[in-house]
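Colleague: I have a structure here, written as structure tokens, and I will follow up with some questions on it.
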Amino acid sequence: MAFESVKKIAEAQFPSRWGEFRILGFRGRREGRNGHRADDTEELVALVMGDVHAAPPVVRIHSQCLTGDVFGSLRCDCRLQLEMALQRIAQEGAGILLYEQQEGRGIGLMAKLQAYELQDHGLDTVEANVELGFAADCRAYEMPAAVLQMLQVKQVRLMTNNPEKVAAMEAAGIEVVERVSAEVKPLDTFADYIRTKQEKMGHIVDSLIAEEETTG
């Protein structure tokens with residue numbers, strides 16, 4: 001579903017251990033089915049550093065992960081990807097991090113914890129979502145695209161392993177001039193998680209592709 005309105009709610013200076021950003025808050029409301037308004041809002045935070053118009057900036061669309069980003073969970077690579085993206089933006093002196101309110105690939109925090117419980121009993125991350133009645137990935141990326149358009153950013157170097165994010169930006173008229181790998185060094189605690197994303201969700205994981213070519 002598309003957004004019928006996206007509004008900037010706030011903007012402020014944001015010093016961080018990676019450098020000086022501007023932090024912007026956005027809120028969007030999705031269109032309901034058959035054109036009816038649905039009470040379905042989404043919020044997104046953008047961290048913007050430097051001049052993002054002089055050249056296509058590095059952009060990371062990062063889905064909220066309380067367990068990883070805040071509590072340092074090693075069940076996933078989310079926090080490592082987040083920090084890698086902020087470090088890359090700081091190194092280049094310009095870029096945008098779009099932090100999207102889509103916990104647990106869009107299923108929400110409590111359902112995500114239920115999925116953890118199922119994974120403890122042997123299901124992988126995709127099987128757990130399906131067992132709970134969800135798709136493997138319930139996310140959509142209209143909101144990040146709308147925010148990039150509001151920021152007048154028409155070309156990006158998208159930091160992602162997920163081809164669906166690339167396709168979503170292109171479909172919204174944001175040209176992806178380069179896909180920048182978001183691959184982090186896998187730890188034993190989330191190695192199977194990464195492999196499942198590659199095998200069942202089509203994520204591009206160069207180390208696993210090289211491994212398959214070597215052993216295939």
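Identifiers in the structure tokens: chain A, B, ... in order shown; residue index from 1 per chain; ligand index from 1 in order shown.
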Output as a list in words all residues of stretch 14-97 of chain A that backbone DSSP marks as helix (DSSP H, G or I).
Modeller: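 Across stretch 14-97 of chain A, those assigned helix (DSSP H, G or I) are Arg33, Asn34, Gly35, Leu66, Thr67, Gly68, Asp69, Val70, Cys78, Arg79, Leu80, Gln81, Leu82, Glu83, Met84, Ala85, Leu86, Gln87, Arg88, Ile89, Ala90, Gln91 and Glu92 of chain A.
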Colleague: Would you mind listing what lies within 7 Å of stretch 71-77 of chain A as number ranges by chain, with only C-alpha atoms counted and same-chain residues fewer than 3 positions away left out?
Modeller: A: 66-68, 80-81, 189-190, 193
Colleague: Okay, now the selection with C-alpha atoms, as a PDB file, in the first residue's frame?
Modeller:
ATOM      1  CA  LEU A  66      15.234  -3.487  19.563  1.00  0.00           C
ATOM      2  CA  THR A  67      16.906  -6.745  20.538  1.00  0.00           C
ATOM      3  CA  GLY A  68      19.946  -6.172  18.340  1.00  0.00           C
ATOM      4  CA  LEU A  80      26.670  -4.793  13.396  1.00  0.00           C
ATOM      5  CA  GLN A  81      25.077  -3.649  10.128  1.00  0.00           C
ATOM      6  CA  THR A 189      25.441 -17.339  16.935  1.00  0.00           C
ATOM      7  CA  PHE A 190      23.875 -16.002  13.731  1.00  0.00           C
ATOM      8  CA  TYR A 193      20.339 -16.893  10.326  1.00  0.00           C
TER       9      TYR A 193
END
Colleague: One decimal, in Å: what's the spacing between atom CA of A:Met159 and atom CA of A:Gly108?
Modeller: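 That distance, rounded to one decimal, is 23.6 Å.
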Colleague: Could you give me, as an MDAnalysis selection string, the residues within 7 Å of stretch 22-29 of chain A, counting only C-alpha atoms and dropping anything in the same chain fewer than 4 positions from it?
Modeller: chainID A and resid 3:14 40:49
Colleague: Would you mind exporting the chosen residues as a CSV table (one decimal), in the first residue's frame, restricted to N, CA and C atoms?
Modeller:
chain,number,residue,atom,x,y,z
A,3,PHE,N,1.7,5.5,0.6
A,3,PHE,CA,1.4,6.4,1.6
A,3,PHE,C,0.6,7.6,1.0
A,4,GLU,N,-0.4,8.0,1.7
A,4,GLU,CA,-1.2,9.1,1.2
A,4,GLU,C,-0.6,10.4,1.7
A,5,SER,N,0.2,10.4,2.8
A,5,SER,CA,0.8,11.6,3.3
A,5,SER,C,2.0,11.2,4.1
A,6,VAL,N,3.1,11.9,3.9
A,6,VAL,CA,4.3,11.8,4.7
A,6,VAL,C,4.7,13.2,5.2
A,7,LYS,N,4.9,13.4,6.5
A,7,LYS,CA,5.2,14.7,7.0
A,7,LYS,C,6.4,14.7,7.8
A,8,LYS,N,7.2,15.8,7.7
A,8,LYS,CA,8.4,15.9,8.6
A,8,LYS,C,7.9,16.5,9.9
A,9,ILE,N,8.2,15.8,11.0
A,9,ILE,CA,7.7,16.2,12.3
A,9,ILE,C,8.7,17.1,13.1
A,10,ALA,N,10.0,16.8,12.9
A,10,ALA,CA,11.0,17.5,13.6
A,10,ALA,C,12.4,17.4,13.0
A,11,GLU,N,13.3,18.3,13.3
A,11,GLU,CA,14.6,18.3,12.8
A,11,GLU,C,15.5,18.9,13.8
A,12,ALA,N,16.7,18.3,14.0
A,12,ALA,CA,17.6,18.9,15.1
A,12,ALA,C,19.0,18.4,14.8
A,13,GLN,N,20.0,19.1,15.5
A,13,GLN,CA,21.3,18.6,15.4
A,13,GLN,C,21.5,17.3,16.2
A,14,PHE,N,22.4,16.4,15.7
A,14,PHE,CA,22.5,15.1,16.4
A,14,PHE,C,24.0,14.7,16.4
A,40,ASP,N,-3.3,3.5,10.0
A,40,ASP,CA,-2.1,2.7,9.8
A,40,ASP,C,-0.9,3.6,9.6
A,41,THR,N,-0.3,4.1,10.7
A,41,THR,CA,0.7,5.1,10.5
A,41,THR,C,2.1,4.4,10.8
A,42,GLU,N,3.1,5.0,10.2
A,42,GLU,CA,4.5,4.5,10.4
A,42,GLU,C,5.4,5.7,10.6
A,43,GLU,N,6.4,5.5,11.5
A,43,GLU,CA,7.3,6.6,11.8
A,43,GLU,C,8.7,6.2,11.3
A,44,LEU,N,9.5,7.1,10.9
A,44,LEU,CA,10.9,6.9,10.4
A,44,LEU,C,11.8,8.0,10.9
A,45,VAL,N,13.0,7.6,11.2
A,45,VAL,CA,14.0,8.6,11.6
A,45,VAL,C,15.1,8.6,10.5
A,46,ALA,N,15.5,9.8,10.1
A,46,ALA,CA,16.6,9.9,9.1
A,46,ALA,C,17.8,10.6,9.8
A,47,LEU,N,18.9,10.0,9.7
A,47,LEU,CA,20.2,10.6,10.1
A,47,LEU,C,20.9,11.0,8.8
A,48,VAL,N,21.1,12.3,8.7
A,48,VAL,CA,21.7,12.9,7.5
A,48,VAL,C,23.0,13.6,7.8
A,49,MET,N,24.1,13.2,7.1
A,49,MET,CA,25.4,13.8,7.3
A,49,MET,C,25.9,14.4,6.0
Colleague: Take atom CA of A:Arg105 and atom CA of A:Ala135 and report the distance between them in Å, one decimal.
Modeller: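 It comes out at 9.4 Å.
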Colleague: Give the answer as one residue: which of A:Glu183, A:Glu127, A:Glu100, A:Glu164 has the shortest atom-to-atom distance to A:Thr196, using only C-alpha atoms?
Modeller: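 Once distances to A:Thr196 are computed over only C-alpha atoms, the minimum belongs to A:Glu127.
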Colleague: How close does each residue of stretch 78-168 of chain A get to stretch 54-65 of chain A, giving the shortest atom pair and distance in Å to one decimal for every residue with an atom at most 10 Å away, counting only C-alpha atoms, sorted by chain and residue number, as JSON lines?
Modeller:
{"residue": "A:Cys78", "atom": "CA", "partner": "A:Cys65", "partner_atom": "CA", "distance": 6.8}
{"residue": "A:Arg79", "atom": "CA", "partner": "A:Cys65", "partner_atom": "CA", "distance": 7.9}
{"residue": "A:Gln81", "atom": "CA", "partner": "A:His62", "partner_atom": "CA", "distance": 8.4}
{"residue": "A:Leu82", "atom": "CA", "partner": "A:His62", "partner_atom": "CA", "distance": 7.0}
{"residue": "A:Met84", "atom": "CA", "partner": "A:Arg60", "partner_atom": "CA", "distance": 9.9}
{"residue": "A:Ala85", "atom": "CA", "partner": "A:Arg60", "partner_atom": "CA", "distance": 6.5}
{"residue": "A:Leu86", "atom": "CA", "partner": "A:Arg60", "partner_atom": "CA", "distance": 8.7}
{"residue": "A:Arg88", "atom": "CA", "partner": "A:Val58", "partner_atom": "CA", "distance": 8.0}
{"residue": "A:Ile89", "atom": "CA", "partner": "A:Val58", "partner_atom": "CA", "distance": 6.5}
{"residue": "A:Glu92", "atom": "CA", "partner": "A:Val58", "partner_atom": "CA", "distance": 8.3}
{"residue": "A:Gly93", "atom": "CA", "partner": "A:Pro57", "partner_atom": "CA", "distance": 9.5}
{"residue": "A:Ala94", "atom": "CA", "partner": "A:Pro57", "partner_atom": "CA", "distance": 6.3}
{"residue": "A:Gly95", "atom": "CA", "partner": "A:Val58", "partner_atom": "CA", "distance": 4.8}
{"residue": "A:Ile96", "atom": "CA", "partner": "A:Val59", "partner_atom": "CA", "distance": 4.8}
{"residue": "A:Leu97", "atom": "CA", "partner": "A:Arg60", "partner_atom": "CA", "distance": 4.9}
{"residue": "A:Leu98", "atom": "CA", "partner": "A:Ile61", "partner_atom": "CA", "distance": 4.8}
{"residue": "A:Tyr99", "atom": "CA", "partner": "A:His62", "partner_atom": "CA", "distance": 4.9}
{"residue": "A:Glu100", "atom": "CA", "partner": "A:Ser63", "partner_atom": "CA", "distance": 4.8}
{"residue": "A:Gln101", "atom": "CA", "partner": "A:Gln64", "partner_atom": "CA", "distance": 5.3}
{"residue": "A:Gln102", "atom": "CA", "partner": "A:Ser63", "partner_atom": "CA", "distance": 5.3}
{"residue": "A:Glu103", "atom": "CA", "partner": "A:Gln64", "partner_atom": "CA", "distance": 4.9}
{"residue": "A:Gly104", "atom": "CA", "partner": "A:Cys65", "partner_atom": "CA", "distance": 6.7}
{"residue": "A:Arg105", "atom": "CA", "partner": "A:Ser63", "partner_atom": "CA", "distance": 7.1}
{"residue": "A:Gly106", "atom": "CA", "partner": "A:Ser63", "partner_atom": "CA", "distance": 8.4}
{"residue": "A:Gly108", "atom": "CA", "partner": "A:Gln64", "partner_atom": "CA", "distance": 9.7}
{"residue": "A:Leu109", "atom": "CA", "partner": "A:Cys65", "partner_atom": "CA", "distance": 8.5}
{"residue": "A:Lys112", "atom": "CA", "partner": "A:Cys65", "partner_atom": "CA", "distance": 9.8}
{"residue": "A:Arg139", "atom": "CA", "partner": "A:Ser63", "partner_atom": "CA", "distance": 8.7}
{"residue": "A:Tyr141", "atom": "CA", "partner": "A:Ile61", "partner_atom": "CA", "distance": 8.6}
{"residue": "A:Pro144", "atom": "CA", "partner": "A:Ile61", "partner_atom": "CA", "distance": 7.1}
{"residue": "A:Ala145", "atom": "CA", "partner": "A:Ile61", "partner_atom": "CA", "distance": 9.6}
{"residue": "A:Leu148", "atom": "CA", "partner": "A:Val59", "partner_atom": "CA", "distance": 9.5}
{"residue": "A:Val153", "atom": "CA", "partner": "A:Pro56", "partner_atom": "CA", "distance": 7.8}
{"residue": "A:Lys154", "atom": "CA", "partner": "A:Pro56", "partner_atom": "CA", "distance": 7.9}
{"residue": "A:Gln155", "atom": "CA", "partner": "A:Pro56", "partner_atom": "CA", "distance": 5.1}
{"residue": "A:Val156", "atom": "CA", "partner": "A:Pro56", "partner_atom": "CA", "distance": 4.7}
{"residue": "A:Arg157", "atom": "CA", "partner": "A:Val58", "partner_atom": "CA", "distance": 4.7}
{"residue": "A:Leu158", "atom": "CA", "partner": "A:Val59", "partner_atom": "CA", "distance": 5.0}
{"residue": "A:Met159", "atom": "CA", "partner": "A:Arg60", "partner_atom": "CA", "distance": 5.0}
{"residue": "A:Thr160", "atom": "CA", "partner": "A:Arg60", "partner_atom": "CA", "distance": 6.9}
{"residue": "A:Lys165", "atom": "CA", "partner": "A:Ile61", "partner_atom": "CA", "distance": 8.1}
Colleague: Name the closest residue to A:Ala111 among the candidates A:Pro186, A:Pro15, A:Gly133, A:Pro163; distances are taken between atoms, counting only C-alpha atoms.
Modeller: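 Of the candidates, the smallest distance to A:Ala111 is held by A:Gly133.
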Colleague: Of the candidates A:Ala140, A:Ile204, A:Asp124, A:Gly50, which shows the shortest atom-to-atom distance to A:Arg179, using only C-alpha atoms?
Modeller: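 Going through A:Ala140, A:Ile204, A:Asp124, A:Gly50 one by one, the smallest distance to A:Arg179 is for A:Ile204.
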Colleague: Write out as JSON, numbers by chain each polymer residue whose atoms come within 9 Å of A:Lys200, counting only C-alpha atoms; drop sequence neighbours fewer than 3 positions from it.
Modeller: {"A": [126, 136, 195, 196, 197, 203]}
Colleague: Restrict the selected residues to C-alpha atoms and save them as a short mmCIF file (atom, residue, chain, number, x, y, z; two decimals), in the first residue's frame.
Modeller:
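Below is the file out16.cif, written as the result:
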data_model
loop_
_atom_site.label_atom_id
_atom_site.label_comp_id
_atom_site.auth_asym_id
_atom_site.auth_seq_id
_atom_site.Cartn_x
_atom_site.Cartn_y
_atom_site.Cartn_z
CA VAL A 126 11.44 -18.00 7.87
CA ALA A 136 8.73 -14.53 5.64
CA ARG A 195 22.40 -18.63 5.54
CA THR A 196 18.60 -18.76 5.78
CA LYS A 197 18.33 -15.20 4.49
CA HIS A 203 19.85 -12.01 0.08
#
Colleague: Do a neighbour search on A:Leu123 at 12 Å with only C-alpha atoms, toss out local chain neighbours closer than 5 positions, and write the hits as a ChimeraX atom specification.
Modeller: /A:114-118,128-132,192-193,196
Colleague: In Å to one decimal, how far is atom CA of A:Phe134 from atom CA of A:Ala171?
Modeller: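 We find that atom CA of A:Ala171 and atom CA of A:Phe134 lie 24.2 Å from each other.
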Colleague: Can you list, as a PyMOL selection string, every residue of chain A that DSSP puts in strand (DSSP E)?
Modeller: chain A and resi 3-16+19-31+37-49+58-63+95-100+155-159+175-180
